[in-house]
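See below for run_20.tsv, which holds TSV, C-alpha atoms and all ligand atoms.
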```
chain	number	residue	atom	x	y	z
A	186	MET	CA	2.29	-10.25	-5.90
A	187	LEU	CA	2.83	-6.61	-6.73
A	188	LEU	CA	5.69	-5.92	-9.13
A	189	GLY	CA	6.94	-2.48	-10.15
A	190	LEU	CA	9.07	-2.38	-13.30
A	191	ASP	CA	10.91	0.91	-13.11
A	192	GLY	CA	10.69	2.97	-16.29
A	193	PHE	CA	9.20	0.08	-18.25
A	194	PRO	CA	7.19	1.35	-21.26
A	195	HIS	CA	3.61	0.16	-21.69
A	196	ARG	CA	4.30	-0.21	-25.44
A	197	ALA	CA	7.04	-2.78	-24.73
A	198	ILE	CA	4.52	-5.31	-23.39
A	199	SER	CA	4.09	-7.49	-26.49
A	200	PRO	CA	3.97	-11.16	-27.54
A	201	GLY	CA	7.43	-11.07	-29.12
A	202	LEU	CA	9.39	-9.01	-26.58
A	203	THR	CA	7.70	-9.96	-23.29
A	204	PRO	CA	5.99	-13.33	-23.89
A	205	ARG	CA	5.57	-14.24	-20.20
A	206	MET	CA	3.91	-10.98	-19.23
A	207	TRP	CA	1.87	-11.01	-22.44
A	208	ALA	CA	0.59	-14.51	-21.65
A	209	LEU	CA	-0.21	-13.44	-18.08
A	210	ALA	CA	-2.34	-10.59	-19.40
A	211	GLU	CA	-3.95	-12.75	-22.10
A	212	ALA	CA	-5.21	-15.12	-19.41
A	213	GLY	CA	-5.87	-12.21	-17.04
A	214	GLY	CA	-6.14	-8.66	-18.26
A	215	ARG	CA	-4.45	-5.39	-19.07
A	216	ALA	CA	-5.31	-1.74	-19.44
A	217	ALA	CA	-5.24	-1.35	-23.23
A	218	GLU	CA	-3.93	2.23	-23.00
A	219	GLY	CA	-1.83	1.53	-19.90
A	220	GLY	CA	-2.28	3.09	-16.49
A	221	MET	CA	-1.69	6.66	-15.30
A	222	THR	CA	0.54	8.56	-12.92
A	223	ASP	CA	0.93	12.24	-12.04
A	224	LEU	CA	3.41	14.99	-12.90
A	225	PRO	CA	6.31	14.77	-12.48
A	226	SER	CA	6.02	11.25	-13.97
A	227	SER	CA	8.98	10.27	-11.86
A	228	THR	CA	10.00	7.32	-9.71
A	229	ASP	CA	9.36	8.41	-6.14
A	230	PRO	CA	6.01	10.21	-6.57
A	231	GLY	CA	4.79	7.22	-8.59
A	232	PHE	CA	5.90	4.45	-6.25
A	233	CYS	CA	4.58	6.36	-3.25
A	234	SER	CA	1.19	6.67	-4.99
A	235	LEU	CA	1.25	2.94	-5.74
A	236	LEU	CA	2.01	1.96	-2.16
A	237	THR	CA	-0.13	4.48	-0.27
A	238	GLY	CA	-3.12	4.77	-2.59
A	239	CYS	CA	-2.77	8.56	-2.34
A	240	TYR	CA	-1.87	11.27	-4.82
A	241	PRO	CA	1.37	13.25	-4.41
A	242	THR	CA	-0.61	16.19	-3.00
A	243	THR	CA	-1.51	13.87	-0.09
A	244	HIS	CA	1.55	11.63	0.40
A	245	GLY	CA	3.80	14.63	-0.09
A	246	VAL	CA	6.55	13.13	-2.30
A	247	ARG	CA	6.52	15.53	-5.26
A	248	THR	CA	9.78	14.76	-7.06
A	249	THR	CA	12.69	12.31	-7.23
A	250	SER	CA	15.16	15.20	-7.39
A	251	TRP	CA	15.91	15.00	-3.65
A	252	ARG	CA	18.40	12.31	-4.62
A	253	TYR	CA	20.63	15.01	-6.09
A	254	ALA	CA	20.11	17.93	-3.71
A	255	ARG	CA	18.29	18.48	-0.44
A	256	LEU	CA	14.74	19.61	-1.06
A	257	PRO	CA	13.44	22.91	0.28
A	258	ASP	CA	10.20	22.59	2.27
A	259	TRP	CA	8.01	23.89	-0.57
A	260	ALA	CA	9.08	20.97	-2.80
A	261	GLY	CA	7.54	18.29	-0.59
A	262	VAL	CA	8.96	15.50	1.52
A	263	GLU	CA	11.41	12.65	0.90
A	264	THR	CA	9.42	10.03	2.83
A	265	PRO	CA	5.64	9.71	2.37
A	266	ARG	CA	3.59	11.22	5.19
A	267	VAL	CA	0.83	8.59	4.98
A	268	PRO	CA	1.19	4.90	5.89
A	269	THR	CA	0.97	1.80	3.72
A	270	ILE	CA	0.42	-1.91	4.22
A	271	PHE	CA	2.08	-2.84	0.93
A	272	ASP	CA	5.54	-3.65	-0.30
A	273	VAL	CA	6.51	-3.93	-3.94
A	274	GLY	CA	8.98	-6.06	-5.87
A	275	HIS	CA	11.04	-3.39	-7.62
A	276	LEU	CA	12.90	-4.30	-10.82
A	277	ASN	CA	15.02	-1.28	-11.66
A	278	GLU	CA	17.18	-2.27	-14.65
A	279	SER	CA	14.76	-1.02	-17.33
A	280	ASP	CA	15.01	2.49	-15.86
A	281	THR	CA	18.81	2.48	-15.75
A	282	VAL	CA	19.20	1.17	-19.29
A	283	GLY	CA	16.50	3.53	-20.59
A	284	HIS	CA	18.31	6.52	-19.04
A	285	ASP	CA	21.70	5.41	-20.33
A	286	HIS	CA	20.83	4.27	-23.86
A	287	GLY	CA	17.28	5.46	-24.61
A	288	PRO	CA	14.03	3.50	-24.35
A	289	GLU	CA	14.05	2.29	-27.98
A	290	SER	CA	17.73	1.24	-28.02
A	291	SER	CA	18.74	-2.36	-28.61
A	292	ALA	CA	20.14	-2.41	-25.06
A	293	ALA	CA	16.75	-1.37	-23.70
A	294	GLN	CA	14.92	-3.94	-25.83
A	295	GLU	CA	17.22	-6.65	-24.51
A	296	CYS	CA	16.60	-5.43	-20.97
A	297	TYR	CA	12.81	-5.58	-21.48
A	298	ALA	CA	13.16	-9.19	-22.65
A	299	ALA	CA	15.46	-10.05	-19.73
A	300	THR	CA	13.02	-8.45	-17.27
A	301	ASP	CA	10.29	-10.62	-18.75
A	302	ARG	CA	12.39	-13.75	-18.22
A	303	THR	CA	12.98	-12.77	-14.57
A	304	VAL	CA	9.28	-12.14	-14.04
A	305	GLY	CA	8.57	-15.50	-15.70
A	306	GLU	CA	10.84	-17.23	-13.18
A	307	LEU	CA	8.74	-15.70	-10.40
A	308	PHE	CA	5.58	-17.06	-12.06
A	309	ASP	CA	7.19	-20.52	-12.27
A	310	ALA	CA	8.17	-20.38	-8.60
A	311	MET	CA	4.57	-19.62	-7.64
A	312	GLN	CA	2.90	-22.35	-9.69
A	313	ASP	CA	1.98	-24.42	-6.61
A	314	HIS	CA	0.02	-21.46	-5.26
A	315	TRP	CA	-1.26	-20.09	-8.58
A	316	ALA	CA	-4.92	-20.70	-7.76
A	317	GLU	CA	-4.68	-18.31	-4.83
A	318	THR	CA	-2.36	-15.78	-6.49
A	319	ILE	CA	-3.11	-12.35	-7.89
A	320	VAL	CA	-0.26	-10.82	-9.88
A	321	VAL	CA	-0.32	-7.07	-10.51
A	322	ILE	CA	2.47	-5.66	-12.68
A	323	VAL	CA	2.88	-1.92	-13.09
A	324	SER	CA	5.59	0.53	-14.00
A	325	ASP	CA	6.09	3.89	-12.33
A	326	HIS	CA	6.46	5.88	-15.56
A	327	ASP	CA	7.36	5.55	-19.23
A	328	MET	CA	10.60	6.78	-20.79
A	329	GLN	CA	11.20	8.98	-23.84
A	330	ALA	CA	14.11	10.16	-25.97
A	331	ARG	CA	15.13	13.83	-26.18
A	332	ASP	CA	14.83	15.85	-29.35
A	333	ALA	CA	17.49	18.32	-30.53
A	334	SER	CA	15.87	21.36	-28.85
A	335	PRO	CA	17.79	23.16	-26.11
A	336	PRO	CA	16.65	22.47	-22.52
A	337	ILE	CA	13.89	24.74	-21.22
A	338	ASP	CA	15.37	27.38	-18.92
A	339	LEU	CA	12.51	28.55	-16.69
A	340	MET	CA	14.72	30.84	-14.61
A	341	ALA	CA	15.59	32.81	-17.76
A	342	ASN	CA	11.86	33.32	-18.41
A	343	GLY	CA	10.51	34.04	-14.93
A	344	ASP	CA	9.54	37.73	-15.32
A	345	GLY	CA	9.84	37.96	-11.54
A	346	LEU	CA	6.93	35.57	-10.99
A	347	TRP	CA	9.00	32.68	-9.65
A	348	ASP	CA	12.32	32.46	-7.87
A	349	LEU	CA	13.24	28.77	-7.72
A	350	VAL	CA	12.90	25.82	-10.10
A	351	ILE	CA	13.54	22.14	-9.38
A	352	PRO	CA	13.80	20.18	-12.64
A	353	ASP	CA	12.68	16.55	-12.77
A	354	GLY	CA	13.30	15.57	-16.39
A	355	GLY	CA	10.30	16.61	-18.47
A	356	ALA	CA	8.61	18.31	-15.49
A	357	ALA	CA	9.68	21.02	-13.08
A	358	LEU	CA	8.52	22.28	-9.70
A	359	VAL	CA	8.27	26.08	-9.81
A	360	HIS	CA	8.25	28.13	-6.61
A	361	LEU	CA	6.23	31.36	-6.85
A	362	ARG	CA	7.36	34.62	-5.31
A	363	PRO	CA	5.20	35.76	-2.36
A	364	GLY	CA	1.93	37.31	-3.46
A	365	VAL	CA	2.11	36.06	-7.06
A	366	ASP	CA	-1.21	34.85	-8.47
A	367	ALA	CA	-0.94	31.16	-9.48
A	368	ARG	CA	-3.14	31.64	-12.57
A	369	GLU	CA	-1.05	34.55	-13.77
A	370	ALA	CA	2.16	32.58	-13.24
A	371	GLY	CA	0.66	29.53	-14.95
A	372	ALA	CA	-0.35	31.59	-17.97
A	373	ALA	CA	3.22	32.91	-18.16
A	374	LEU	CA	4.56	29.36	-17.96
A	375	GLY	CA	2.21	28.31	-20.76
A	376	ARG	CA	3.69	30.94	-23.08
A	377	ILE	CA	7.24	29.58	-22.75
A	378	ASP	CA	8.44	27.54	-25.72
A	379	GLY	CA	8.35	23.82	-24.98
A	380	ILE	CA	5.76	23.91	-22.18
A	381	GLU	CA	2.78	21.63	-22.76
A	382	THR	CA	0.88	22.03	-19.51
A	383	TRP	CA	1.02	23.32	-15.95
A	384	LEU	CA	-0.93	22.65	-12.80
A	385	VAL	CA	-1.15	24.02	-9.30
A	386	GLY	CA	1.00	21.83	-7.04
A	387	ASP	CA	0.62	23.72	-3.78
A	388	SER	CA	-0.18	27.20	-2.49
A	389	ALA	CA	3.18	28.55	-3.67
A	390	MET	CA	4.19	25.92	-6.21
A	391	LEU	CA	3.29	25.14	-9.82
A	392	ILE	CA	4.26	22.01	-11.76
A	393	ALA	CA	5.24	22.54	-15.39
A	394	GLY	CA	5.14	19.71	-17.94
A	395	ALA	CA	7.18	19.81	-21.14
A	396	ARG	CA	6.14	18.82	-24.64
A	397	ARG	CA	7.27	15.45	-25.99
A	398	GLY	CA	11.04	15.36	-26.48
A	399	ARG	CA	11.73	18.49	-24.39
A	400	ILE	CA	13.60	18.52	-21.07
A	401	PHE	CA	14.04	21.19	-18.40
A	402	LYS	CA	17.45	22.72	-17.82
A	403	ALA	CA	19.26	20.78	-15.12
A	404	PRO	CA	22.80	20.41	-13.74
A	405	GLN	CA	23.20	17.14	-15.63
A	406	TYR	CA	21.35	14.94	-18.11
A	407	SER	CA	21.13	11.23	-18.84
A	408	SER	CA	22.87	10.18	-22.03
A	409	GLY	CA	19.74	8.38	-23.28
A	410	GLY	CA	16.13	8.62	-22.14
A	411	PHE	CA	14.31	10.62	-19.49
A	412	HIS	CA	10.88	10.94	-17.89
A	413	GLY	CA	8.82	13.39	-15.86
A	414	ALA	CA	6.65	14.81	-18.65
A	415	PRO	CA	3.01	14.17	-19.59
A	416	ALA	CA	4.29	11.95	-22.43
A	417	THR	CA	5.78	9.52	-19.90
A	418	ALA	CA	2.88	9.56	-17.40
A	419	ARG	CA	1.67	6.23	-18.85
A	420	THR	CA	2.34	3.07	-16.82
A	421	VAL	CA	2.23	-0.66	-17.39
A	422	ALA	CA	-0.99	-2.13	-15.90
A	423	LEU	CA	-1.34	-5.94	-16.05
A	424	VAL	CA	-3.19	-8.44	-13.88
A	425	GLY	CA	-3.04	-12.21	-13.83
A	426	GLY	CA	-3.00	-15.31	-11.67
A	427	GLY	CA	-5.43	-18.00	-10.69
A	428	HIS	CA	-7.27	-16.22	-7.87
A	429	PRO	CA	-11.04	-15.89	-8.49
A	430	ASP	CA	-10.88	-12.06	-8.34
A	431	VAL	CA	-8.45	-11.85	-11.28
A	432	GLN	CA	-11.23	-11.93	-13.88
A	433	ARG	CA	-13.13	-9.16	-12.06
A	434	LEU	CA	-9.95	-7.11	-12.01
A	435	ALA	CA	-9.39	-7.78	-15.70
A	436	ALA	CA	-12.92	-6.65	-16.49
A	437	ALA	CA	-12.43	-3.50	-14.40
A	438	LEU	CA	-9.33	-2.61	-16.45
A	439	THR	CA	-11.45	-2.60	-19.61
A	440	ARG	CA	-13.79	0.00	-18.06
A	441	ARG	CA	-11.32	2.36	-16.45
A	442	ARG	CA	-7.66	3.33	-16.93
A	443	PRO	CA	-6.10	2.70	-13.53
A	444	HIS	CA	-4.11	5.37	-11.71
A	445	LEU	CA	-1.16	4.09	-9.65
A	446	ALA	CA	-3.06	5.22	-6.53
A	447	ASP	CA	-5.98	2.89	-7.38
A	448	TRP	CA	-4.06	-0.33	-6.73
A	449	ALA	CA	-3.69	-0.14	-2.94
A	450	PRO	CA	-7.41	0.50	-2.25
A	451	THR	CA	-8.27	-2.21	-4.82
A	452	LEU	CA	-6.01	-4.90	-3.36
A	453	ALA	CA	-6.37	-4.13	0.36
A	454	PRO	CA	-9.98	-5.43	0.70
A	455	ILE	CA	-9.04	-8.64	-1.14
A	456	LEU	CA	-6.40	-9.16	1.54
A	457	GLY	CA	-8.97	-8.48	4.24
A	458	ALA	CA	-7.43	-5.12	5.10
A	459	ASP	CA	-9.07	-1.75	5.39
A	460	MET	CA	-7.40	1.17	3.64
A	461	ALA	CA	-9.64	4.14	4.28
A	462	GLY	CA	-8.94	7.68	3.24
A	463	THR	CA	-7.06	7.00	0.01
A	464	ASP	CA	-7.31	9.27	-3.03
A	465	GLY	CA	-7.34	6.31	-5.39
A	466	ALA	CA	-10.48	4.25	-5.99
A	467	ASN	CA	-11.19	0.57	-5.53
A	468	LEU	CA	-11.36	-0.63	-9.14
A	469	LEU	CA	-13.75	-3.42	-8.06
A	470	ALA	CA	-16.23	-1.14	-6.28
B	1	ZN	ZN	11.37	5.25	-12.13
```

Kindly transcribe the structure held in the file into structure tokens.
Amino acid sequence: MLLGLDGFPHRAISPGLTPRMWALAEAGGRAAEGGMTDLPSSTDPGFCSLLTGCYPTTHGVRTTSWRYARLPDWAGVETPRVPTIFDVGHLNESDTVGHDHGPESSAAQECYAATDRTVGELFDAMQDHWAETIVVIVSDHDMQARDASPPIDLMANGDGLWDLVIPDGGAALVHLRPGVDAREAGAALGRIDGIETWLVGDSAMLIAGARRGRIFKAPQYSSGGFHGAPATARTVALVGGGHPDVQRLAAALTRRRPHLADWAPTLAPILGADMAGTDGANLLA
């Protein structure tokens, strides 16, 4: 059973707030520092990595911003271009409440507890098959609150190096003008106030990541929390259940922080399936 808790913070998994998931991980295991995803730490790139076992550079879904405007070709695809054998139980409320009220709000805390109760009901429903069950619970990204700084306006700081920017919360896809050197453009990005990091996304595209609390200028903003940045690239990563492989999985999580793309190639062989050519690694290998 593969569950994806949208926007659920790793730090919210605790004995008091999420007793069912905590107990699952106590009997099974958890990544102490949580799992990892890529930039933008955003819903669609993350879930596509989880399901395909590939990184965004391979599955092609680079941002969730296509939900608000049609993406130009340089910003990737809306549907992953590699196949999957998996489906995921997606619980979205933690993302919605985190966006609306902020991840540390009382509304969000109540939502985390309610999500735990729902997940607990699933555990109860599976008790007759617990001995043959592996439960993997992840989130696609964390959530953070904004600080009082103004949004980062990359188009006002382009110096002619880039001509288009697609914001995705605390990250942005940056399209380079023809002939521009990616290193030169990246260095220019790095000098802009509020930028923490940048990486090469494609031949003509860089991905900028903002410092904690900072957001990129966008047509509209959530009233509460947001994601996309390096600070929210941490995921929930729990395993449990009665299947004999659960303890091996739990031990693997103590040795290595799992990337979202590691789960498909880890779980496929247990199910007797072959998932060759993934970017992620089999955590049990
Ligand atoms: Zn999400």

Exercise. Select the residues contacting ligand ZN 1 (chain B) at a distance of at most 9 Å, based on only C-alpha atoms and all ligand atoms, then format the selection as JSON, numbers by chain.
Key: {"A": [190, 191, 192, 193, 226, 227, 228, 229, 231, 232, 249, 277, 279, 280, 281, 324, 325, 326, 327, 328, 412]}

Quiz item: Which polymer residues have any atom within 10 Å of an atom of Val424 in chain A, counting all atoms listed in the file, with same-chain residues fewer than 2 positions away left out, as a list in words?
Solution: Met186, Leu187, Met206, Leu209, Ala210, Glu211, Ala212, Gly213, Gly214, Arg215, Ala216, Ile319, Val320, Val321, Ile322, Val323, Ala422, Gly426, Val431, Gln432, Leu434, Ala435 and Leu438 of chain A

Quiz item: When distances are computed from all atoms listed in the file, which of A:Arg433, A:Arg399, A:Arg441, A:His428 shows the smallest separation from Asp332 in chain A?
Solution: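 Using all atoms listed in the file, the shortest distance to Asp332 in chain A belongs to A:Arg399.
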
Practice problem: Work out how far CA of Gly354 in chain A is from CA of Gly371 in chain A, in Å to one decimal. | Solution: 18.9 Å

Self-check item: Among listed residues A:Leu202, A:Ile400, A:Ala389, A:Ala356, nearest Arg302 in chain A (using all atoms listed in the file)
Solution: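 Counting all atoms listed in the file, the residue closest to Arg302 in chain A is A:Leu202.
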
Quiz prompt | Two-atom distance - CA of His244 in chain A, CA of Pro265 in chain A (Å) | solution =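 A separation of 4.9 Å between them.
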
Self-check item: Best match for closeness to Met221 in chain A among A:His360, A:Gly410, A:Tyr240, A:Ala341, counting only C-alpha atoms
Solution: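 Nearest to Met221 in chain A: A:Tyr240.
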
Quiz prompt | Shell of 10 Å around Arg397 in chain A, only C-alpha atoms, local chain residues under 2 positions omitted, as a list in words | solution =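 Residues near the query, excluding close chain neighbours: Gln329, Ala330, Arg331, Asp332, Gly355, Gly379, Ile380, Glu381, Gly394, Ala395, Arg399, Ile400, His412, Ala414, Pro415, Ala416 and Thr417 of chain A.
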
Next, dump the selected residues to file, keeping only C-alpha atoms, as a CSV table (one decimal), in the frame of the given file.
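As written to disk, again.csv reads:
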```csv
chain,number,residue,atom,x,y,z
A,329,GLN,CA,11.2,9.0,-23.8
A,330,ALA,CA,14.1,10.2,-26.0
A,331,ARG,CA,15.1,13.8,-26.2
A,332,ASP,CA,14.8,15.8,-29.4
A,355,GLY,CA,10.3,16.6,-18.5
A,379,GLY,CA,8.4,23.8,-25.0
A,380,ILE,CA,5.8,23.9,-22.2
A,381,GLU,CA,2.8,21.6,-22.8
A,394,GLY,CA,5.1,19.7,-17.9
A,395,ALA,CA,7.2,19.8,-21.1
A,399,ARG,CA,11.7,18.5,-24.4
A,400,ILE,CA,13.6,18.5,-21.1
A,412,HIS,CA,10.9,10.9,-17.9
A,414,ALA,CA,6.6,14.8,-18.6
A,415,PRO,CA,3.0,14.2,-19.6
A,416,ALA,CA,4.3,12.0,-22.4
A,417,THR,CA,5.8,9.5,-19.9
```

Quiz item: For Ala418 in chain A, which residue among A:Gly375, A:Gly261, A:Gly457, A:Pro194 is the nearest when counting all atoms listed in the file?
Solution: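 Of all the options, A:Pro194 lies closest to Ala418 in chain A.
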
Practice problem: Using all atoms listed in the file, pick whichever of A:Ile198, A:Val359, A:Ala449, A:Ala437 has the shortest atom-to-atom distance to Ala298 in chain A. | Solution: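 Closest to Ala298 in chain A of all the choices is A:Ile198.
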